[in-house]
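**Q** So that you have it, the file is work_16.cif, and it contains mmCIF, C-alpha atoms:
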```cif
data_data
loop_
_atom_site.label_atom_id
_atom_site.label_comp_id
_atom_site.auth_asym_id
_atom_site.auth_seq_id
_atom_site.Cartn_x
_atom_site.Cartn_y
_atom_site.Cartn_z
CA MET A 257 32.65 28.27 -47.72
CA THR A 258 34.38 25.54 -45.74
CA GLN A 259 32.18 22.72 -44.55
CA ALA A 260 33.94 22.07 -41.32
CA SER A 261 33.59 19.17 -39.06
CA SER A 262 32.19 21.86 -37.29
CA HIS A 263 28.82 21.80 -38.66
CA ALA A 264 27.46 19.61 -36.43
CA LEU A 265 24.63 19.65 -34.59
CA SER A 266 23.43 18.90 -33.59
CA ALA A 267 23.23 17.16 -32.21
CA GLU A 268 19.57 17.50 -32.33
CA ASP A 269 18.18 16.70 -29.01
CA VAL A 270 21.19 18.58 -28.19
CA ILE A 271 19.62 21.45 -29.85
CA THR A 272 15.95 20.95 -29.58
CA VAL A 273 14.94 18.93 -26.59
CA SER A 274 13.78 21.10 -23.75
CA THR A 275 14.86 19.91 -20.35
CA ASP A 276 12.60 19.74 -17.36
CA LYS A 277 14.02 20.80 -14.06
CA THR A 278 12.62 20.26 -10.62
CA THR A 279 12.43 23.94 -9.82
CA SER A 280 11.58 25.44 -13.19
CA ASN A 281 10.76 24.51 -16.75
CA LYS A 282 14.29 24.40 -18.11
CA ILE A 283 17.88 24.03 -17.10
CA LEU A 284 18.63 27.56 -18.22
CA SER A 285 22.39 27.06 -18.50
CA ILE A 286 21.83 24.30 -21.08
CA GLN A 287 19.23 26.42 -22.84
CA TYR A 288 21.78 29.24 -23.16
CA LEU A 289 24.51 26.89 -24.36
CA ARG A 290 22.26 25.59 -27.13
CA GLY A 291 22.03 29.10 -28.52
CA ILE A 292 25.72 29.86 -28.02
CA ALA A 293 26.81 26.62 -29.69
CA ALA A 294 24.54 27.21 -32.69
CA MET A 295 25.77 30.78 -33.03
CA LEU A 296 29.40 29.63 -32.92
CA VAL A 297 28.74 27.34 -35.88
CA VAL A 298 26.92 30.12 -37.75
CA LEU A 299 29.79 32.55 -37.17
CA PHE A 300 32.30 29.91 -38.19
CA HIS A 301 30.55 29.55 -41.54
CA SER A 302 30.37 33.30 -42.06
CA THR A 303 34.09 34.02 -41.85
CA THR A 304 34.50 35.02 -45.51
CA LEU A 305 32.04 37.87 -45.00
CA ILE A 306 34.57 39.77 -42.90
CA GLY A 307 38.04 38.78 -44.02
CA PRO A 308 41.10 36.72 -43.08
CA GLU A 309 41.37 38.17 -39.56
CA TRP A 310 37.85 36.99 -38.71
CA LYS A 311 38.59 33.59 -40.23
CA SER A 312 41.69 33.26 -38.09
CA PHE A 313 39.79 34.26 -34.95
CA MET A 314 36.94 31.79 -35.62
CA VAL A 315 39.19 28.93 -36.74
CA ASN A 316 37.77 26.71 -33.98
CA GLY A 317 34.15 27.78 -34.37
CA SER A 318 33.39 24.14 -35.06
CA VAL A 319 33.60 23.71 -31.29
CA GLY A 320 29.86 24.32 -31.37
CA VAL A 321 29.44 20.79 -32.69
CA ASP A 322 31.42 19.27 -29.82
CA VAL A 323 29.35 21.27 -27.34
CA PHE A 324 26.17 20.01 -29.05
CA PHE A 325 27.21 16.37 -28.79
CA ILE A 326 28.09 16.69 -25.11
CA MET A 327 24.78 18.44 -24.42
CA SER A 328 22.94 15.75 -26.34
CA GLY A 329 24.34 13.05 -24.07
CA PHE A 330 23.47 15.19 -21.06
CA ILE A 331 19.91 15.93 -22.13
CA ILE A 332 18.95 12.41 -23.17
CA TYR A 333 20.20 10.92 -19.91
CA TYR A 334 18.56 13.70 -17.90
CA ILE A 335 15.10 13.59 -19.46
CA THR A 336 14.97 9.80 -19.28
CA SER A 337 15.09 10.04 -15.51
CA ASN A 338 11.36 9.86 -16.21
CA LYS A 339 11.11 6.20 -17.20
CA SER A 340 8.14 6.78 -19.51
CA GLU A 341 10.43 8.80 -21.80
CA LEU A 342 12.37 5.61 -22.55
CA ALA A 343 9.42 3.61 -23.85
CA PRO A 344 10.58 2.76 -27.40
CA LYS A 345 7.45 4.21 -29.04
CA THR A 346 7.63 7.44 -27.03
CA PHE A 347 11.37 7.79 -27.51
CA ALA A 348 11.23 7.16 -31.27
CA ILE A 349 8.27 9.44 -32.01
CA LYS A 350 9.66 12.34 -29.99
CA ARG A 351 13.14 12.06 -31.49
CA PHE A 352 11.82 11.71 -35.05
CA LEU A 353 9.47 14.68 -34.83
CA ARG A 354 12.15 16.80 -33.20
CA ILE A 355 14.64 16.19 -35.98
CA TYR A 356 12.97 15.35 -39.22
CA PRO A 357 10.23 17.88 -40.12
CA THR A 358 12.59 20.86 -39.95
CA PHE A 359 15.35 18.95 -41.70
CA PHE A 360 12.98 17.78 -44.45
CA ILE A 361 11.80 21.33 -45.24
CA ILE A 362 15.39 22.55 -45.55
CA TRP A 363 16.36 19.49 -47.59
CA LEU A 364 13.43 20.00 -49.96
CA LEU A 365 14.14 23.68 -50.58
CA VAL A 366 17.88 23.36 -50.97
CA SER A 367 17.69 20.21 -53.09
CA CYS A 368 15.26 21.83 -55.52
CA ILE A 369 17.25 25.04 -55.91
CA TYR A 370 20.93 24.63 -55.12
CA TYR A 371 21.50 20.94 -55.69
CA ALA A 372 19.58 20.62 -58.95
CA ASP A 373 22.79 19.46 -60.63
CA ALA A 374 24.00 17.23 -57.80
CA LYS A 375 24.19 13.48 -58.16
CA PHE A 376 20.72 12.12 -57.59
CA ILE A 377 22.05 9.36 -55.33
CA ASN A 378 23.66 11.94 -53.03
CA VAL A 379 20.44 13.93 -52.82
CA ILE A 380 18.54 10.80 -51.78
CA LYS A 381 21.25 9.71 -49.35
CA SER A 382 21.12 13.10 -47.68
CA LEU A 383 17.37 12.75 -47.17
CA PHE A 384 18.01 9.63 -45.09
CA LEU A 385 20.89 11.26 -43.21
CA ILE A 386 23.50 9.09 -44.93
CA HIS A 387 26.87 10.78 -45.44
CA VAL A 388 28.14 11.40 -48.96
CA ASP A 389 31.23 9.14 -48.95
CA TYR A 390 32.21 6.66 -46.24
CA ASN A 391 35.61 6.16 -47.84
CA ALA A 392 36.38 9.82 -47.11
CA ASN A 393 37.82 11.26 -43.91
CA ALA A 394 36.00 10.80 -40.61
CA PRO A 395 34.09 12.07 -38.80
CA ALA A 396 32.20 14.04 -41.49
CA PHE A 397 32.61 11.59 -44.42
CA LYS A 398 32.21 14.48 -46.91
CA PHE A 399 29.19 15.68 -44.96
CA ASN A 400 25.52 15.65 -45.87
CA LEU A 401 24.38 17.74 -48.83
CA ILE A 402 22.79 19.94 -46.17
CA GLY A 403 26.22 20.63 -44.67
CA PRO A 404 25.58 20.73 -40.91
CA ALA A 405 23.21 17.76 -41.07
CA TRP A 406 26.16 15.36 -41.10
CA THR A 407 26.03 15.51 -37.31
CA LEU A 408 22.42 14.35 -37.17
CA THR A 409 23.59 10.93 -38.33
CA TYR A 410 25.65 10.60 -35.14
CA GLU A 411 22.64 11.72 -33.13
CA ILE A 412 20.48 8.98 -34.63
CA TYR A 413 23.02 6.26 -33.83
CA PHE A 414 23.37 7.59 -30.30
CA TYR A 415 19.60 7.53 -29.81
CA VAL A 416 19.38 3.92 -30.99
CA ILE A 417 22.15 2.78 -28.66
CA PHE A 418 20.76 4.69 -25.69
CA CYS A 419 17.22 3.42 -26.24
CA PHE A 420 18.53 -0.15 -26.45
CA ALA A 421 20.52 0.31 -23.24
CA GLY A 422 17.47 1.74 -21.48
CA TYR A 423 15.35 -1.16 -22.66
CA VAL A 424 17.86 -3.62 -21.20
CA SER A 425 18.22 -1.75 -17.91
CA PHE A 426 16.61 1.54 -16.97
CA LYS A 427 18.74 1.91 -13.84
CA TYR A 428 22.02 1.30 -15.64
CA ARG A 429 21.09 2.90 -18.99
CA GLY A 430 23.86 5.48 -18.66
CA LEU A 431 26.54 2.97 -17.78
CA LEU A 432 25.48 0.44 -20.41
CA SER A 433 25.13 2.96 -23.24
CA SER A 434 28.48 4.51 -22.28
CA LEU A 435 30.22 1.13 -22.37
CA ILE A 436 28.76 0.41 -25.81
CA LEU A 437 29.76 3.84 -27.13
CA LEU A 438 33.26 3.53 -25.68
CA LEU A 439 33.91 -0.02 -26.84
CA LEU A 440 32.55 0.16 -30.39
CA PRO A 441 35.29 2.43 -31.83
CA ILE A 442 38.01 0.45 -30.06
CA LEU A 443 36.78 -2.96 -31.18
CA LEU A 444 35.93 -1.94 -34.75
CA GLN A 445 39.26 -0.19 -35.31
CA LEU A 446 41.16 -3.14 -33.85
CA CYS A 447 39.16 -5.53 -35.99
CA PHE A 448 39.62 -3.69 -39.30
CA ASN A 449 42.86 -1.76 -38.72
CA GLY A 450 44.76 -3.87 -36.22
CA SER A 451 45.28 -0.74 -34.12
CA PHE A 452 43.33 1.98 -32.34
CA MET A 453 43.63 5.78 -32.42
CA PHE A 454 41.96 8.30 -30.10
CA SER A 455 41.68 10.83 -32.91
CA SER A 456 38.13 11.31 -34.13
CA ASN A 457 39.51 11.37 -37.67
CA ALA A 458 40.32 7.68 -37.33
CA LYS A 459 37.82 5.07 -38.52
CA ALA A 460 37.60 1.44 -39.55
CA GLU A 461 39.55 1.18 -42.80
CA PHE A 462 37.83 -0.85 -45.49
CA ASN A 463 36.12 -0.20 -48.79
CA ALA A 464 32.60 0.97 -47.94
CA ASP A 465 30.80 -1.05 -50.57
CA PHE A 466 28.39 -3.19 -48.52
CA LEU A 467 25.05 -2.45 -46.92
CA LEU A 468 26.17 -2.02 -43.32
CA ALA A 469 29.33 -0.08 -44.16
CA PRO A 470 27.83 3.29 -43.10
CA VAL A 471 26.95 1.91 -39.68
CA VAL A 472 30.38 0.38 -39.14
CA LYS A 473 32.18 3.52 -40.30
CA VAL A 474 30.25 5.86 -38.01
CA MET A 475 30.42 3.49 -35.05
CA SER A 476 34.19 3.21 -35.41
CA THR A 477 34.91 6.90 -34.72
CA THR A 478 35.58 8.31 -31.27
CA MET A 479 33.19 11.21 -31.93
CA LEU A 480 30.73 8.89 -30.18
CA TRP A 481 32.68 9.39 -26.98
CA GLU A 482 31.49 12.99 -26.75
CA PHE A 483 28.01 11.71 -25.93
CA VAL A 484 29.55 9.75 -23.06
CA GLY A 485 30.97 12.99 -21.70
CA GLY A 486 27.46 14.40 -21.59
CA ILE A 487 26.03 11.30 -19.92
CA PHE A 488 28.75 11.53 -17.27
CA LEU A 489 27.95 15.18 -16.55
CA ALA A 490 24.23 14.41 -16.34
CA PHE A 491 24.89 11.62 -13.83
CA LEU A 492 26.90 14.01 -11.66
CA PHE A 493 24.32 16.77 -12.03
CA ILE A 494 21.41 14.55 -10.99
CA ASN A 495 23.20 12.93 -8.06
CA TYR A 496 25.33 15.78 -6.71
CA ARG A 497 23.46 18.94 -7.63
CA LYS A 498 22.40 19.59 -4.04
CA ASN A 499 26.02 19.32 -2.93
CA ILE A 500 27.17 21.72 -5.64
CA VAL A 501 24.54 24.29 -4.67
CA LYS A 502 25.88 24.25 -1.10
CA ILE A 503 29.33 25.34 -2.27
CA ASN A 504 30.10 28.98 -1.56
CA LYS A 505 28.97 31.08 -4.54
CA ILE A 506 32.29 32.90 -4.72
CA VAL A 507 34.15 29.58 -4.93
CA ARG A 508 31.73 28.36 -7.59
CA ALA A 509 32.11 31.60 -9.53
CA CYS A 510 35.90 31.25 -9.45
CA CYS A 511 35.71 27.65 -10.68
CA CYS A 512 33.33 28.64 -13.47
CA THR A 513 35.59 31.52 -14.48
CA ILE A 514 38.63 29.25 -14.69
CA LEU A 515 36.73 26.74 -16.84
CA ILE A 516 35.42 29.46 -19.16
CA VAL A 517 38.91 30.94 -19.52
CA ILE A 518 40.18 27.47 -20.49
CA PHE A 519 37.44 27.24 -23.12
CA LEU A 520 38.14 30.71 -24.49
CA TYR A 521 41.90 30.19 -24.60
CA PHE A 522 41.84 26.90 -26.50
CA THR A 523 38.99 27.99 -28.77
CA PHE A 524 40.15 31.45 -29.79
CA TYR A 525 43.83 31.89 -28.93
CA SER A 526 45.74 28.60 -29.09
CA GLY A 527 45.45 27.97 -32.84
CA TRP A 528 43.51 25.36 -34.77
CA MET A 529 42.41 22.22 -32.95
CA PRO A 530 40.73 19.13 -34.44
CA GLN A 531 37.30 18.05 -33.37
CA GLY A 532 36.83 15.23 -30.95
CA MET A 533 38.91 13.49 -28.34
CA VAL A 534 42.33 14.91 -29.20
CA GLY A 535 41.04 18.44 -29.61
CA LEU A 536 37.87 20.41 -29.02
CA PHE A 537 36.15 17.87 -26.77
CA TRP A 538 38.14 19.08 -23.76
CA PRO A 539 37.43 22.83 -23.93
CA SER A 540 33.82 21.91 -24.71
CA MET A 541 33.62 19.81 -21.54
CA ALA A 542 35.05 22.74 -19.61
CA LEU A 543 32.35 25.06 -20.98
CA VAL A 544 29.43 22.70 -20.30
CA THR A 545 30.76 21.95 -16.81
CA ALA A 546 31.03 25.67 -16.09
CA ALA A 547 27.48 26.25 -17.28
CA LEU A 548 26.10 23.50 -15.06
CA MET A 549 28.04 24.74 -12.04
CA ALA A 550 26.62 28.21 -12.65
CA GLU A 551 23.02 26.94 -12.75
CA ASP A 552 20.99 28.65 -9.98
CA MET A 553 23.60 31.41 -9.61
CA ILE A 554 21.80 33.86 -11.90
CA PRO A 555 18.41 34.68 -10.33
CA PHE A 556 16.73 35.67 -13.59
CA GLU A 557 16.34 34.37 -17.13
CA ILE A 558 18.47 35.95 -19.87
CA LYS A 559 15.74 36.30 -22.49
CA PRO A 560 17.92 36.87 -25.61
CA LEU A 561 19.96 33.73 -24.90
CA SER A 562 16.80 31.74 -24.19
CA PHE A 563 15.36 32.91 -27.49
CA ILE A 564 18.44 31.83 -29.45
CA GLY A 565 18.34 28.54 -27.55
CA ASP A 566 14.74 27.99 -28.66
CA ILE A 567 15.52 28.52 -32.35
CA SER A 568 18.97 26.91 -32.23
CA TYR A 569 18.10 23.76 -34.19
CA SER A 570 16.41 25.69 -36.98
CA LEU A 571 19.26 28.20 -36.95
CA TYR A 572 21.79 25.39 -37.22
CA LEU A 573 20.22 24.17 -40.48
CA VAL A 574 18.70 27.36 -41.92
CA HIS A 575 21.90 29.40 -41.94
CA TRP A 576 23.57 26.86 -44.21
CA ALA A 577 20.75 27.02 -46.73
CA ILE A 578 20.98 30.83 -46.73
CA ILE A 579 24.73 30.66 -47.30
CA LYS A 580 24.42 28.31 -50.24
CA LEU A 581 21.52 30.16 -51.84
CA THR A 582 23.24 33.54 -51.59
CA GLN A 583 26.53 32.12 -52.83
CA THR A 584 24.66 30.82 -55.86
CA TYR A 585 22.54 33.86 -56.72
CA PHE A 586 24.30 36.76 -54.97
CA PRO A 587 27.99 35.78 -54.89
CA GLN A 588 29.10 39.40 -54.54
CA VAL A 589 27.81 39.33 -50.95
CA TRP A 590 30.60 36.89 -50.08
CA ASN A 591 33.53 38.77 -51.60
CA ASN A 592 34.16 40.75 -48.42
CA GLN A 593 33.25 44.12 -49.94
CA TYR A 594 30.43 44.80 -47.47
CA GLY A 595 32.19 43.49 -44.36
CA VAL A 596 30.41 43.82 -41.04
CA PHE A 597 27.20 45.00 -42.72
CA SER A 598 26.98 41.72 -44.66
CA LEU A 599 27.49 39.77 -41.45
CA PHE A 600 24.75 41.75 -39.70
CA VAL A 601 22.29 41.15 -42.55
CA PHE A 602 23.21 37.47 -42.75
CA LEU A 603 22.70 36.94 -39.02
CA SER A 604 19.46 38.92 -38.99
CA VAL A 605 17.96 36.99 -41.91
CA SER A 606 19.12 33.67 -40.45
CA VAL A 607 17.56 34.42 -37.07
CA LEU A 608 14.31 35.67 -38.62
CA ILE A 609 13.81 32.63 -40.85
CA SER A 610 14.84 30.31 -38.03
CA PHE A 611 12.23 31.90 -35.78
CA ILE A 612 9.57 31.33 -38.44
CA MET A 613 10.68 27.71 -38.82
CA TYR A 614 10.57 27.27 -35.06
CA LYS A 615 7.04 28.66 -34.80
CA LYS A 616 5.59 27.02 -37.91
CA ILE A 617 7.45 23.69 -38.06
CA GLU A 618 9.20 22.79 -34.81
CA LYS A 619 6.48 23.68 -32.31
CA PRO A 620 3.63 22.13 -34.32
CA SER A 621 5.74 18.97 -34.70
CA ILE A 622 6.10 18.79 -30.93
CA LYS A 623 2.33 19.10 -30.56
CA ILE A 624 1.81 16.32 -33.09
CA ALA A 625 4.16 14.08 -31.09
CA ARG A 626 2.15 14.73 -27.94
CA LYS A 627 -1.14 13.98 -29.70
CA LEU A 628 0.20 10.74 -31.14
CA LEU A 629 1.40 9.62 -27.74
CA ASN A 630 -1.82 10.57 -26.00
#
```
Could I get this structure in the form of structure tokens?
**A**
Amino acid sequence: MTQASSHALSAEDVITVSTDKTTSNKILSIQYLRGIAAMLVVLFHSTTLIGPEWKSFMVNGSVGVDVFFIMSGFIIYYITSNKSELAPKTFAIKRFLRIYPTFFIIWLLVSCIYYADAKFINVIKSLFLIHVDYNANAPAFKFNLIGPAWTLTYEIYFYVIFCFAGYVSFKYRGLLSSLILLLLPILLQLCFNGSFMFSSNAKAEFNADFLLAPVVKVMSTTMLWEFVGGIFLAFLFINYRKNIVKINKIVRACCCTILIVIFLYFTFYSGWMPQGMVGLFWPSMALVTAALMAEDMIPFEIKPLSFIGDISYSLYLVHWAIIKLTQTYFPQVWNNQYGVFSLFVFLSVSVLISFIMYKKIEKPSIKIARKLLN
């Protein structure tokens, strides 16, 4: 099973932070996208269950990661419109308890069973969300031992930068954090490489053998710019939402349709595209923009999509553990002899276990965060 740069997540707040809205509890379009993005990653990792045609169709399923990163930037900027959310203690506790309990359970199970023979140092590094090899290709750096969790490392760095920017200036937190995120890859690549590349595969080139090497390597990739895209959309959404709502619904629907067609074309019909700024960032921006423009156009909640949105973070991590465990103990499942039935069972089991994780781990962790802060 290919560990694509696609595994990403997570962007975590991307996946797990609920978003308050002035007229209802959630921005439903973002809630739906959380589920869709997670499911794209799951389907991308399940391609060998069906056959080469499915693999060709889902070649850009890693776009779910790009969508997650953009949504993460959007959500963090949006929820911190409430200044109390940016208090360092509040921000840190909420982010930690959103990400880590679920990740730790998956790490513990998979490390004990599947990675029993893995290098001990890599098992420990994965626990602290440190990539396997910072001399390897960016942006995944040979991933985390829990495949999709490589993206959580980017989330953590983004949170730190955003919290710092908010501490310096609440009013200009979006602008300041965006400038930092934009400048870091440029300056670090120029410093170490003597040149700069927009590609998110580019990084600062040096032997990663000193303590701060992981930080420098991650901060030197333009994958960070995807968070800036989300911050930009959040700024527009907060300041111009009333103007957008006034636009004729037919005109809005046409604009949304065009943006969705752009996303579908580049994701499923134009051939393979790399992640990041020279590839999947752009169709991802089109999709998120379309979703935000469509907010308020559907007068009811689409329950199945809301449900998948709720469990999306657990689903993002759980499905990988299921893949690796079944590949180890039931490899015949992955030899394409059961086809669509195997895919159906895989998705059903993934959703069921993710729902259990959501109810028993994620939600209680949120309650603990609230108690600690109260």
**Q** Tell me which residues the PyMOL selection byres ((chain A and resi 480) around 9) grabs here, as a PDB file with C-alpha atoms, in the frame of the given file.
**A**
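The new file selection_12.pdb reads:
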```pdb
ATOM      1  CA  PHE A 325      27.210  16.370 -28.790  1.00  0.00           C
ATOM      2  CA  TYR A 410      25.650  10.600 -35.140  1.00  0.00           C
ATOM      3  CA  TYR A 413      23.020   6.260 -33.830  1.00  0.00           C
ATOM      4  CA  PHE A 414      23.370   7.590 -30.300  1.00  0.00           C
ATOM      5  CA  LEU A 437      29.760   3.840 -27.130  1.00  0.00           C
ATOM      6  CA  LEU A 438      33.260   3.530 -25.680  1.00  0.00           C
ATOM      7  CA  LEU A 440      32.550   0.160 -30.390  1.00  0.00           C
ATOM      8  CA  PRO A 441      35.290   2.430 -31.830  1.00  0.00           C
ATOM      9  CA  SER A 456      38.130  11.310 -34.130  1.00  0.00           C
ATOM     10  CA  VAL A 474      30.250   5.860 -38.010  1.00  0.00           C
ATOM     11  CA  MET A 475      30.420   3.490 -35.050  1.00  0.00           C
ATOM     12  CA  SER A 476      34.190   3.210 -35.410  1.00  0.00           C
ATOM     13  CA  THR A 477      34.910   6.900 -34.720  1.00  0.00           C
ATOM     14  CA  THR A 478      35.580   8.310 -31.270  1.00  0.00           C
ATOM     15  CA  MET A 479      33.190  11.210 -31.930  1.00  0.00           C
ATOM     16  CA  TRP A 481      32.680   9.390 -26.980  1.00  0.00           C
ATOM     17  CA  GLU A 482      31.490  12.990 -26.750  1.00  0.00           C
ATOM     18  CA  PHE A 483      28.010  11.710 -25.930  1.00  0.00           C
ATOM     19  CA  VAL A 484      29.550   9.750 -23.060  1.00  0.00           C
ATOM     20  CA  GLY A 532      36.830  15.230 -30.950  1.00  0.00           C
TER      21      GLY A 532
END
```
**Q** Mind telling me what the PyMOL selection byres ((chain A and resi 291) around 8) catches here, as a ChimeraX atom specification?
**A** /A:287-290,292-295,561-568
**Q** So which one's closest to A:Ser621, A:Pro357, A:Pro470, A:Gly329, A:Pro395? Using all atoms listed in the file, please.
**A** A:Pro357
**Q** Taking the file as shown, what set of residues would the PyMOL selection byres ((chain A and resi 405) around 12) give back, as an MDAnalysis selection string?
**A** chainID A and resid 259:268 321 355:356 358:360 362:363 381:388 396:404 406:412 569:577
**Q** So that I can see what lies close to A:Ile306, please list as number ranges by chain the residues with an atom at most 12 Å from it, counting all atoms listed in the file and leaving out residues fewer than 3 positions away in the same chain.
**A** A: 299-303, 309-314, 589-600, 602
**Q** Measuring atom to atom with all atoms listed in the file, identify which of A:Leu548, A:Val472, A:Ala464, A:Val517 is nearest to A:Leu444.
**A**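 Among the listed residues, A:Val472 lies closest to A:Leu444.
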**Q** May I ask for the distance between atom CA of A:Leu467 and atom CA of A:Ile332, given in Å to one decimal place?
**A** 28.7 Å
**Q** In Å, rounded to a single decimal, give me how far atom CA of A:Phe524 is from atom CA of A:Ser318.
**A**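 Distance reported for this atom pair: 11.3 Å.
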**Q** Would you please work out which residue, of A:Val544, A:Ile514, A:Ser367, A:Phe611, is nearest to A:Met327 when using all atoms listed in the file?
**A**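 Checking each of A:Val544, A:Ile514, A:Ser367, A:Phe611 against A:Met327, counting all atoms listed in the file, the winner is A:Val544.
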**Q** Can you list, as a PDB file with C-alpha atoms, in the coordinates of the input, every protein, DNA or RNA residue that comes within 12 Å of A:Phe418 when you count all atoms listed in the file, leaving out same-chain residues fewer than 6 positions away?
**A**
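Okay, this is what ended up in part_36.pdb:
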```
ATOM      1  CA  SER A 328      22.940  15.750 -26.340  1.00  0.00           C
ATOM      2  CA  GLY A 329      24.340  13.050 -24.070  1.00  0.00           C
ATOM      3  CA  PHE A 330      23.470  15.190 -21.060  1.00  0.00           C
ATOM      4  CA  ILE A 331      19.910  15.930 -22.130  1.00  0.00           C
ATOM      5  CA  ILE A 332      18.950  12.410 -23.170  1.00  0.00           C
ATOM      6  CA  TYR A 333      20.200  10.920 -19.910  1.00  0.00           C
ATOM      7  CA  THR A 336      14.970   9.800 -19.280  1.00  0.00           C
ATOM      8  CA  GLU A 341      10.430   8.800 -21.800  1.00  0.00           C
ATOM      9  CA  LEU A 342      12.370   5.610 -22.550  1.00  0.00           C
ATOM     10  CA  ALA A 343       9.420   3.610 -23.850  1.00  0.00           C
ATOM     11  CA  PRO A 344      10.580   2.760 -27.400  1.00  0.00           C
ATOM     12  CA  PHE A 347      11.370   7.790 -27.510  1.00  0.00           C
ATOM     13  CA  ALA A 348      11.230   7.160 -31.270  1.00  0.00           C
ATOM     14  CA  GLU A 411      22.640  11.720 -33.130  1.00  0.00           C
ATOM     15  CA  ILE A 412      20.480   8.980 -34.630  1.00  0.00           C
ATOM     16  CA  VAL A 424      17.860  -3.620 -21.200  1.00  0.00           C
ATOM     17  CA  SER A 425      18.220  -1.750 -17.910  1.00  0.00           C
ATOM     18  CA  PHE A 426      16.610   1.540 -16.970  1.00  0.00           C
ATOM     19  CA  TYR A 428      22.020   1.300 -15.640  1.00  0.00           C
ATOM     20  CA  ARG A 429      21.090   2.900 -18.990  1.00  0.00           C
ATOM     21  CA  GLY A 430      23.860   5.480 -18.660  1.00  0.00           C
ATOM     22  CA  LEU A 431      26.540   2.970 -17.780  1.00  0.00           C
ATOM     23  CA  LEU A 432      25.480   0.440 -20.410  1.00  0.00           C
ATOM     24  CA  SER A 433      25.130   2.960 -23.240  1.00  0.00           C
ATOM     25  CA  SER A 434      28.480   4.510 -22.280  1.00  0.00           C
ATOM     26  CA  LEU A 435      30.220   1.130 -22.370  1.00  0.00           C
ATOM     27  CA  ILE A 436      28.760   0.410 -25.810  1.00  0.00           C
ATOM     28  CA  LEU A 437      29.760   3.840 -27.130  1.00  0.00           C
ATOM     29  CA  LEU A 480      30.730   8.890 -30.180  1.00  0.00           C
ATOM     30  CA  PHE A 483      28.010  11.710 -25.930  1.00  0.00           C
ATOM     31  CA  VAL A 484      29.550   9.750 -23.060  1.00  0.00           C
ATOM     32  CA  ILE A 487      26.030  11.300 -19.920  1.00  0.00           C
TER      33      ILE A 487
END
```
**Q** Quick one: pull the distance between atom CA of A:Gly485 and atom CA of A:Ile326, Å, one decimal.
**A** 5.8 Å
**Q** Which is closest to A:Ala509 among A:Phe522, A:Leu492, A:Met553, A:Trp538, if we use all atoms listed in the file?
**A**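 Checking each of A:Phe522, A:Leu492, A:Met553, A:Trp538 against A:Ala509, counting all atoms listed in the file, the winner is A:Met553.
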**Q** Find the residues near stretch 495-504 of chain A: any atom within 9 Å, counting all atoms listed in the file, skip ones fewer than 6 places away on the same chain, and give them as a list in words.
**A** Met549, Glu551, Asp552 and Met553 of chain A
**Q** Might you pull out every residue within 10 Å of A:Cys512, with only C-alpha atoms counted and same-chain residues fewer than 3 positions away left off, and present them as a PyMOL selection string?
**A** chain A and resi 506-509+515-518+542-550
**Q** So, counting all atoms listed in the file, which residue among A:Ser604, A:Ser285, A:Thr304, A:Asn316 is closest to A:Ser526?
**A** A:Asn316
